[in-house]
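Each remark here refers to the structure printed beneath this line.
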Amino acid sequence: MTVREPVTAMETRITSMTVVALLLSIAACSTQKPPEAQVGETQVSDAAESWSPQAIDRPHLPNAYRLHPKVISGGLPDGEEGFRELSELGVKTVISVDGAKPDVDSAQKYQLRYVHLPHGYDGVPEERAQELAKAVRDLPGPIYIHCHHGKHRSPAAATVACVGSGLLEADLALSVLRTAGTSENYLGLYESAKSARRFEDDLLDALEAEFPETVDVPPMAEAMVAIERTFDRLQAFSSNDWQPLEEHPDLDAAHEALQLREHFTELLRTEEAQRRPAGFVEALRESELAATDLETALRQRRDSAQPVPSAAHSSLDRLAADCKSCHRQHRDVPLSEKQRP
């Protein structure tokens with residue numbers, strides 16, 4: 001039998017101090033607060049704080065970012081050069097979430113498959129999120145997902161697709177939108193990113209998705225695409241002091257203003273517009289009037305060879321303000337709010 005030596009007073013004190021320290025450590029851990037870094041109800045991990053999508057510098061691929069070795073988010077490829085740059089990046093599949101008809105011919109010239117899965121600024125519907133996740137999982141990559149500018153819808157769609165297919169952790173979702181410059185005014189897009197989740201493989205396996213090259217979009221959405229593109233060209237003219245554009249020397253600013261006015265006029269004649277709330281119709285009429293004033297100011301300048309009057313800039317500012325206000329009230333409302341009874 002082994003006989004233990006008597007415990008000394010020093011050892012007793014050391015043991016007591018060790019126990020006390022251990023108890024204090026346990027107490028501190030139990031009362032420690034979770035990290036404060038949160039966005040809404042989404043906890044932001046250390047990984048999310050340090051990670052961000054990788055920028056891709058290609059002159060004809062606006063706002064392009066790589067989220068994963070298989071997925072790139074960006075804007076509409078700028079003509080044939082854009083599709084050539086996609087080919088140089090090794091891209092095999094292009095997914096458009098924009099309402100405009102995809103340029104299938106240019107894509108095919110570079111052996112790129114086009115898939116059209118459009119959605120709005122109000123968020124990515126559940127069914128579309130599943131289709132995007134299945135596309136990212138199953139179609140040949142790398143995959144380029146784009147909208148028009150590459151700042152709003154495509155980052156949200158790419159995020160939902162990557163999280164849904166398991167290529168990206170859910171707590172990294174908001175980093176994608178912030179890096180791409182997605183406006184916080186698009187509450188539905190942020191909501192879609194924050195609520196993105198991994199879909200079960202069985203669900204995606206059973207999902208019937210044809211992945212068409214092009215789909216028909218409602219007349220309202222088609223009209224809005226035309227308005228957006230014409231307004232972008234007018235903004236380019238404004239930034240160039242209303243002088244001819246180097247990249248589009250064939251365009252005339254006054255004619256673009258006329259086209260914009262006609263877009264609003266034709267949209268007001270549709271049954272779909274007339275079924276909308278009175279505030280929506282009134283916003284269209286205000287924009288129609290602002291476009292008319294812009295055209296008038298630009299034609300006066302062209303016919304008299306005088307500097308562009310300040311009325312042109314103020315009319316364009318009115319158009320921008322009208323569009324922003326209308327979008328906030330009617331377009332950018334999150335899907336979750338639209339679906340409330």
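Identifiers in this document derive from the order of the structure tokens: chains are assigned A, B, ..., residues are numbered from 1 separately in each chain, and ligands are numbered from 1 in order of occurrence.
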
Open item on the list: Taking 3 positions as the minimum chain separation for residues in the same chain, which residues sit within 12 Å of His119 in chain A when counting only C-alpha atoms? Answer as an MDAnalysis selection string.
Closed with: chainID A and resid 95:100 116 122:129 131:132 146:148 152:154 156:157 188:189 192 215 217:218 221 331:332 335

- [ ] Please provide the set of residues having any atom within 6 Å of Ala290 in chain A, restricted to only C-alpha atoms, with same-chain residues fewer than 3 positions apart removed, written as a ChimeraX atom specification.
- [x] /A:287,293,315

Could you write out that same residue set with N, CA and C atoms as an mmCIF file, in the first residue's frame?
data_model
loop_
_atom_site.group_PDB
_atom_site.id
_atom_site.type_symbol
_atom_site.label_atom_id
_atom_site.label_comp_id
_atom_site.auth_asym_id
_atom_site.auth_seq_id
_atom_site.Cartn_x
_atom_site.Cartn_y
_atom_site.Cartn_z
ATOM 1 N N SER A 287 -43.599 61.256 -65.345
ATOM 2 C CA SER A 287 -42.384 60.910 -66.081
ATOM 3 C C SER A 287 -42.535 61.227 -67.569
ATOM 4 N N ASP A 293 -40.412 67.509 -71.599
ATOM 5 C CA ASP A 293 -39.655 68.731 -71.335
ATOM 6 C C ASP A 293 -38.177 68.549 -71.693
ATOM 7 N N SER A 315 -34.777 68.474 -66.041
ATOM 8 C CA SER A 315 -35.768 67.491 -66.494
ATOM 9 C C SER A 315 -35.260 66.065 -66.267
#

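The residue that comes closest to Ala297 in chain A, out of A:His263, A:Arg58, A:His255, A:Arg198 and on the basis of only C-alpha atoms, is A:His255.
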
- [ ] Compare A:Leu316, A:Ala206, A:Leu284, A:Ala321 by their minimum atom-to-atom distance to Thr270 in chain A, counting only C-alpha atoms, and give me the closest one.
- [x] A:Leu284

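In this model, the gap between CA of Ser73 in chain A and CA of Gly150 in chain A comes to 6.9 Å.
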
Task: Within 10 Å of Gln130 in chain A using only C-alpha atoms, minus same-chain residues under 3 positions, as a list of chain:residue names - done: A:Val124, A:Pro125, A:Glu126, A:Glu127, A:Ala133, A:Lys134, A:Ala135, A:Val136, A:Val160, A:Ala161, A:Gly164, A:Ser165, A:Arg198, A:Phe199, A:Leu203, A:Leu204, A:Leu207, A:Ala209

Can those selected residues be exported to a file as a short mmCIF file (atom, residue, chain, number, x, y, z; two decimals), in the first residue's frame so that it contains C-alpha atoms?
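So the final result, stored in part-v3.cif, reads:
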data_model
loop_
_atom_site.label_atom_id
_atom_site.label_comp_id
_atom_site.auth_asym_id
_atom_site.auth_seq_id
_atom_site.Cartn_x
_atom_site.Cartn_y
_atom_site.Cartn_z
CA VAL A 124 -36.01 36.02 -55.71
CA PRO A 125 -39.16 33.85 -55.46
CA GLU A 126 -38.78 30.44 -53.84
CA GLU A 127 -39.38 28.54 -57.07
CA ALA A 133 -29.61 26.46 -57.28
CA LYS A 134 -30.22 23.46 -59.54
CA ALA A 135 -28.72 25.31 -62.52
CA VAL A 136 -25.57 26.21 -60.59
CA VAL A 160 -29.24 32.53 -53.53
CA ALA A 161 -28.01 30.02 -56.12
CA GLY A 164 -28.99 26.92 -52.21
CA SER A 165 -26.61 24.53 -53.96
CA ARG A 198 -29.24 25.13 -48.58
CA PHE A 199 -31.76 23.05 -50.53
CA LEU A 203 -35.52 18.39 -53.70
CA LEU A 204 -33.23 19.65 -56.47
CA LEU A 207 -37.21 19.63 -59.53
CA ALA A 209 -36.40 22.62 -64.81
#

List every residue of range 72-202 of chain A that DSSP, applied to the backbone, labels as alpha helix (DSSP H), and write the result as a PDB file with N, CA and C atoms, in the first residue's frame.
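Written output follows (result-v6.pdb):
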ATOM      1  N   GLY A  79     -21.791  43.653 -75.654  1.00  0.00           N
ATOM      2  CA  GLY A  79     -21.604  43.251 -77.034  1.00  0.00           C
ATOM      3  C   GLY A  79     -20.798  41.978 -77.178  1.00  0.00           C
ATOM      4  N   GLU A  80     -20.343  41.748 -78.387  1.00  0.00           N
ATOM      5  CA  GLU A  80     -19.598  40.522 -78.678  1.00  0.00           C
ATOM      6  C   GLU A  80     -18.315  40.428 -77.868  1.00  0.00           C
ATOM      7  N   GLU A  81     -17.699  41.577 -77.587  1.00  0.00           N
ATOM      8  CA  GLU A  81     -16.469  41.573 -76.796  1.00  0.00           C
ATOM      9  C   GLU A  81     -16.706  41.000 -75.407  1.00  0.00           C
ATOM     10  N   GLY A  82     -17.873  41.282 -74.852  1.00  0.00           N
ATOM     11  CA  GLY A  82     -18.199  40.740 -73.533  1.00  0.00           C
ATOM     12  C   GLY A  82     -18.261  39.226 -73.541  1.00  0.00           C
ATOM     13  N   PHE A  83     -18.864  38.666 -74.572  1.00  0.00           N
ATOM     14  CA  PHE A  83     -18.949  37.212 -74.658  1.00  0.00           C
ATOM     15  C   PHE A  83     -17.577  36.592 -74.942  1.00  0.00           C
ATOM     16  N   ARG A  84     -16.749  37.314 -75.674  1.00  0.00           N
ATOM     17  CA  ARG A  84     -15.385  36.829 -75.894  1.00  0.00           C
ATOM     18  C   ARG A  84     -14.628  36.774 -74.569  1.00  0.00           C
ATOM     19  N   GLU A  85     -14.804  37.799 -73.730  1.00  0.00           N
ATOM     20  CA  GLU A  85     -14.134  37.807 -72.428  1.00  0.00           C
ATOM     21  C   GLU A  85     -14.652  36.684 -71.539  1.00  0.00           C
ATOM     22  N   LEU A  86     -15.938  36.390 -71.624  1.00  0.00           N
ATOM     23  CA  LEU A  86     -16.476  35.253 -70.866  1.00  0.00           C
ATOM     24  C   LEU A  86     -15.816  33.954 -71.310  1.00  0.00           C
ATOM     25  N   SER A  87     -15.655  33.808 -72.606  1.00  0.00           N
ATOM     26  CA  SER A  87     -15.004  32.612 -73.130  1.00  0.00           C
ATOM     27  C   SER A  87     -13.567  32.515 -72.648  1.00  0.00           C
ATOM     28  N   GLU A  88     -12.867  33.651 -72.606  1.00  0.00           N
ATOM     29  CA  GLU A  88     -11.480  33.659 -72.118  1.00  0.00           C
ATOM     30  C   GLU A  88     -11.399  33.277 -70.645  1.00  0.00           C
ATOM     31  N   VAL A 104     -28.642  35.435 -77.608  1.00  0.00           N
ATOM     32  CA  VAL A 104     -28.283  34.025 -77.768  1.00  0.00           C
ATOM     33  C   VAL A 104     -27.269  33.836 -78.894  1.00  0.00           C
ATOM     34  N   ASP A 105     -27.406  34.585 -79.980  1.00  0.00           N
ATOM     35  CA  ASP A 105     -26.518  34.418 -81.127  1.00  0.00           C
ATOM     36  C   ASP A 105     -25.058  34.697 -80.756  1.00  0.00           C
ATOM     37  N   SER A 106     -24.820  35.789 -80.031  1.00  0.00           N
ATOM     38  CA  SER A 106     -23.443  36.112 -79.630  1.00  0.00           C
ATOM     39  C   SER A 106     -22.889  35.060 -78.683  1.00  0.00           C
ATOM     40  N   ALA A 107     -23.731  34.564 -77.794  1.00  0.00           N
ATOM     41  CA  ALA A 107     -23.280  33.533 -76.869  1.00  0.00           C
ATOM     42  C   ALA A 107     -22.904  32.258 -77.620  1.00  0.00           C
ATOM     43  N   GLN A 108     -23.727  31.866 -78.569  1.00  0.00           N
ATOM     44  CA  GLN A 108     -23.458  30.639 -79.318  1.00  0.00           C
ATOM     45  C   GLN A 108     -22.179  30.754 -80.138  1.00  0.00           C
ATOM     46  N   LYS A 109     -21.863  31.959 -80.589  1.00  0.00           N
ATOM     47  CA  LYS A 109     -20.638  32.160 -81.365  1.00  0.00           C
ATOM     48  C   LYS A 109     -19.413  31.758 -80.556  1.00  0.00           C
ATOM     49  N   GLU A 126     -39.259  31.750 -54.271  1.00  0.00           N
ATOM     50  CA  GLU A 126     -38.775  30.442 -53.838  1.00  0.00           C
ATOM     51  C   GLU A 126     -38.560  29.499 -55.016  1.00  0.00           C
ATOM     52  N   GLU A 127     -39.512  29.432 -55.917  1.00  0.00           N
ATOM     53  CA  GLU A 127     -39.375  28.535 -57.065  1.00  0.00           C
ATOM     54  C   GLU A 127     -38.179  28.910 -57.926  1.00  0.00           C
ATOM     55  N   ARG A 128     -37.980  30.219 -58.160  1.00  0.00           N
ATOM     56  CA  ARG A 128     -36.840  30.660 -58.943  1.00  0.00           C
ATOM     57  C   ARG A 128     -35.529  30.373 -58.211  1.00  0.00           C
ATOM     58  N   ALA A 129     -35.517  30.536 -56.896  1.00  0.00           N
ATOM     59  CA  ALA A 129     -34.316  30.240 -56.114  1.00  0.00           C
ATOM     60  C   ALA A 129     -33.909  28.779 -56.271  1.00  0.00           C
ATOM     61  N   GLN A 130     -34.895  27.881 -56.267  1.00  0.00           N
ATOM     62  CA  GLN A 130     -34.594  26.461 -56.449  1.00  0.00           C
ATOM     63  C   GLN A 130     -34.058  26.185 -57.846  1.00  0.00           C
ATOM     64  N   GLU A 131     -34.647  26.834 -58.857  1.00  0.00           N
ATOM     65  CA  GLU A 131     -34.171  26.643 -60.234  1.00  0.00           C
ATOM     66  C   GLU A 131     -32.740  27.150 -60.390  1.00  0.00           C
ATOM     67  N   LEU A 132     -32.444  28.285 -59.783  1.00  0.00           N
ATOM     68  CA  LEU A 132     -31.089  28.827 -59.845  1.00  0.00           C
ATOM     69  C   LEU A 132     -30.095  27.904 -59.152  1.00  0.00           C
ATOM     70  N   ALA A 133     -30.486  27.370 -58.011  1.00  0.00           N
ATOM     71  CA  ALA A 133     -29.608  26.455 -57.284  1.00  0.00           C
ATOM     72  C   ALA A 133     -29.345  25.185 -58.091  1.00  0.00           C
ATOM     73  N   LYS A 134     -30.381  24.665 -58.718  1.00  0.00           N
ATOM     74  CA  LYS A 134     -30.217  23.462 -59.539  1.00  0.00           C
ATOM     75  C   LYS A 134     -29.333  23.758 -60.757  1.00  0.00           C
ATOM     76  N   ALA A 135     -29.524  24.930 -61.357  1.00  0.00           N
ATOM     77  CA  ALA A 135     -28.717  25.309 -62.517  1.00  0.00           C
ATOM     78  C   ALA A 135     -27.244  25.402 -62.151  1.00  0.00           C
ATOM     79  N   VAL A 136     -26.952  26.054 -61.033  1.00  0.00           N
ATOM     80  CA  VAL A 136     -25.567  26.207 -60.591  1.00  0.00           C
ATOM     81  C   VAL A 136     -24.958  24.849 -60.238  1.00  0.00           C
ATOM     82  N   ARG A 137     -25.763  23.986 -59.671  1.00  0.00           N
ATOM     83  CA  ARG A 137     -25.255  22.659 -59.294  1.00  0.00           C
ATOM     84  C   ARG A 137     -25.013  21.765 -60.500  1.00  0.00           C
ATOM     85  N   ASP A 138     -25.922  21.806 -61.492  1.00  0.00           N
ATOM     86  CA  ASP A 138     -25.919  20.780 -62.537  1.00  0.00           C
ATOM     87  C   ASP A 138     -25.363  21.228 -63.884  1.00  0.00           C
ATOM     88  N   ARG A 153     -29.856  42.727 -59.059  1.00  0.00           N
ATOM     89  CA  ARG A 153     -30.505  41.417 -59.183  1.00  0.00           C
ATOM     90  C   ARG A 153     -29.521  40.260 -59.312  1.00  0.00           C
ATOM     91  N   SER A 154     -28.467  40.433 -60.108  1.00  0.00           N
ATOM     92  CA  SER A 154     -27.554  39.298 -60.297  1.00  0.00           C
ATOM     93  C   SER A 154     -26.780  38.936 -59.021  1.00  0.00           C
ATOM     94  N   PRO A 155     -26.294  39.900 -58.216  1.00  0.00           N
ATOM     95  CA  PRO A 155     -25.652  39.479 -56.965  1.00  0.00           C
ATOM     96  C   PRO A 155     -26.603  38.707 -56.053  1.00  0.00           C
ATOM     97  N   ALA A 156     -27.870  39.156 -55.994  1.00  0.00           N
ATOM     98  CA  ALA A 156     -28.848  38.442 -55.166  1.00  0.00           C
ATOM     99  C   ALA A 156     -29.108  37.048 -55.716  1.00  0.00           C
ATOM    100  N   ALA A 157     -29.282  36.946 -57.037  1.00  0.00           N
ATOM    101  CA  ALA A 157     -29.546  35.648 -57.650  1.00  0.00           C
ATOM    102  C   ALA A 157     -28.367  34.706 -57.483  1.00  0.00           C
ATOM    103  N   ALA A 158     -27.150  35.213 -57.707  1.00  0.00           N
ATOM    104  CA  ALA A 158     -25.962  34.376 -57.577  1.00  0.00           C
ATOM    105  C   ALA A 158     -25.777  33.903 -56.138  1.00  0.00           C
ATOM    106  N   THR A 159     -26.079  34.787 -55.194  1.00  0.00           N
ATOM    107  CA  THR A 159     -25.972  34.422 -53.784  1.00  0.00           C
ATOM    108  C   THR A 159     -26.954  33.318 -53.428  1.00  0.00           C
ATOM    109  N   VAL A 160     -28.212  33.519 -53.817  1.00  0.00           N
ATOM    110  CA  VAL A 160     -29.244  32.527 -53.528  1.00  0.00           C
ATOM    111  C   VAL A 160     -28.893  31.190 -54.182  1.00  0.00           C
ATOM    112  N   ALA A 161     -28.372  31.244 -55.408  1.00  0.00           N
ATOM    113  CA  ALA A 161     -28.005  30.024 -56.117  1.00  0.00           C
ATOM    114  C   ALA A 161     -26.858  29.290 -55.429  1.00  0.00           C
ATOM    115  N   CYS A 162     -25.839  30.045 -55.023  1.00  0.00           N
ATOM    116  CA  CYS A 162     -24.671  29.419 -54.395  1.00  0.00           C
ATOM    117  C   CYS A 162     -24.995  28.854 -53.017  1.00  0.00           C
ATOM    118  N   VAL A 163     -25.753  29.608 -52.237  1.00  0.00           N
ATOM    119  CA  VAL A 163     -26.151  29.096 -50.920  1.00  0.00           C
ATOM    120  C   VAL A 163     -27.072  27.893 -51.091  1.00  0.00           C
ATOM    121  N   GLY A 164     -28.027  27.992 -52.009  1.00  0.00           N
ATOM    122  CA  GLY A 164     -28.987  26.921 -52.208  1.00  0.00           C
ATOM    123  C   GLY A 164     -28.365  25.631 -52.683  1.00  0.00           C
ATOM    124  N   SER A 165     -27.274  25.731 -53.434  1.00  0.00           N
ATOM    125  CA  SER A 165     -26.613  24.533 -53.956  1.00  0.00           C
ATOM    126  C   SER A 165     -25.466  24.054 -53.078  1.00  0.00           C
ATOM    127  N   ALA A 173     -23.680  35.535 -47.397  1.00  0.00           N
ATOM    128  CA  ALA A 173     -24.579  36.062 -48.416  1.00  0.00           C
ATOM    129  C   ALA A 173     -24.547  37.586 -48.502  1.00  0.00           C
ATOM    130  N   LEU A 174     -24.636  38.255 -47.375  1.00  0.00           N
ATOM    131  CA  LEU A 174     -24.715  39.711 -47.402  1.00  0.00           C
ATOM    132  C   LEU A 174     -23.420  40.357 -47.880  1.00  0.00           C
ATOM    133  N   SER A 175     -22.294  39.664 -47.705  1.00  0.00           N
ATOM    134  CA  SER A 175     -21.029  40.201 -48.188  1.00  0.00           C
ATOM    135  C   SER A 175     -21.046  40.358 -49.701  1.00  0.00           C
ATOM    136  N   VAL A 176     -21.754  39.471 -50.382  1.00  0.00           N
ATOM    137  CA  VAL A 176     -21.825  39.546 -51.845  1.00  0.00           C
ATOM    138  C   VAL A 176     -22.548  40.812 -52.271  1.00  0.00           C
ATOM    139  N   LEU A 177     -23.716  41.064 -51.682  1.00  0.00           N
ATOM    140  CA  LEU A 177     -24.505  42.232 -52.053  1.00  0.00           C
ATOM    141  C   LEU A 177     -23.763  43.524 -51.724  1.00  0.00           C
ATOM    142  N   ARG A 178     -23.115  43.563 -50.580  1.00  0.00           N
ATOM    143  CA  ARG A 178     -22.415  44.781 -50.189  1.00  0.00           C
ATOM    144  C   ARG A 178     -21.224  45.047 -51.100  1.00  0.00           C
ATOM    145  N   THR A 179     -20.492  44.004 -51.460  1.00  0.00           N
ATOM    146  CA  THR A 179     -19.342  44.175 -52.344  1.00  0.00           C
ATOM    147  C   THR A 179     -19.780  44.628 -53.723  1.00  0.00           C
ATOM    148  N   ALA A 180     -20.875  44.080 -54.222  1.00  0.00           N
ATOM    149  CA  ALA A 180     -21.368  44.439 -55.550  1.00  0.00           C
ATOM    150  C   ALA A 180     -21.988  45.826 -55.580  1.00  0.00           C
ATOM    151  N   LEU A 187     -35.082  46.219 -50.639  1.00  0.00           N
ATOM    152  CA  LEU A 187     -35.310  45.418 -49.442  1.00  0.00           C
ATOM    153  C   LEU A 187     -35.557  43.957 -49.777  1.00  0.00           C
ATOM    154  N   GLY A 188     -36.269  43.701 -50.874  1.00  0.00           N
ATOM    155  CA  GLY A 188     -36.578  42.332 -51.243  1.00  0.00           C
ATOM    156  C   GLY A 188     -35.342  41.536 -51.607  1.00  0.00           C
ATOM    157  N   LEU A 189     -34.380  42.167 -52.280  1.00  0.00           N
ATOM    158  CA  LEU A 189     -33.154  41.466 -52.645  1.00  0.00           C
ATOM    159  C   LEU A 189     -32.338  41.125 -51.402  1.00  0.00           C
ATOM    160  N   TYR A 190     -32.257  42.071 -50.476  1.00  0.00           N
ATOM    161  CA  TYR A 190     -31.541  41.791 -49.219  1.00  0.00           C
ATOM    162  C   TYR A 190     -32.263  40.718 -48.414  1.00  0.00           C
ATOM    163  N   GLU A 191     -33.578  40.752 -48.443  1.00  0.00           N
ATOM    164  CA  GLU A 191     -34.355  39.738 -47.725  1.00  0.00           C
ATOM    165  C   GLU A 191     -34.094  38.357 -48.307  1.00  0.00           C
ATOM    166  N   SER A 192     -34.023  38.260 -49.636  1.00  0.00           N
ATOM    167  CA  SER A 192     -33.746  36.980 -50.278  1.00  0.00           C
ATOM    168  C   SER A 192     -32.366  36.462 -49.888  1.00  0.00           C
ATOM    169  N   ALA A 193     -31.380  37.365 -49.827  1.00  0.00           N
ATOM    170  CA  ALA A 193     -30.029  36.945 -49.455  1.00  0.00           C
ATOM    171  C   ALA A 193     -29.972  36.496 -47.995  1.00  0.00           C
ATOM    172  N   LYS A 194     -30.622  37.262 -47.117  1.00  0.00           N
ATOM    173  CA  LYS A 194     -30.584  36.917 -45.698  1.00  0.00           C
ATOM    174  C   LYS A 194     -31.299  35.606 -45.390  1.00  0.00           C
ATOM    175  N   ASP A 201     -30.580  17.916 -51.634  1.00  0.00           N
ATOM    176  CA  ASP A 201     -30.304  17.381 -52.965  1.00  0.00           C
ATOM    177  C   ASP A 201     -31.511  16.643 -53.533  1.00  0.00           C
ATOM    178  N   ASP A 202     -32.250  15.971 -52.673  1.00  0.00           N
ATOM    179  CA  ASP A 202     -33.439  15.253 -53.156  1.00  0.00           C
ATOM    180  C   ASP A 202     -34.444  16.218 -53.768  1.00  0.00           C
TER     181      ASP A 202
END
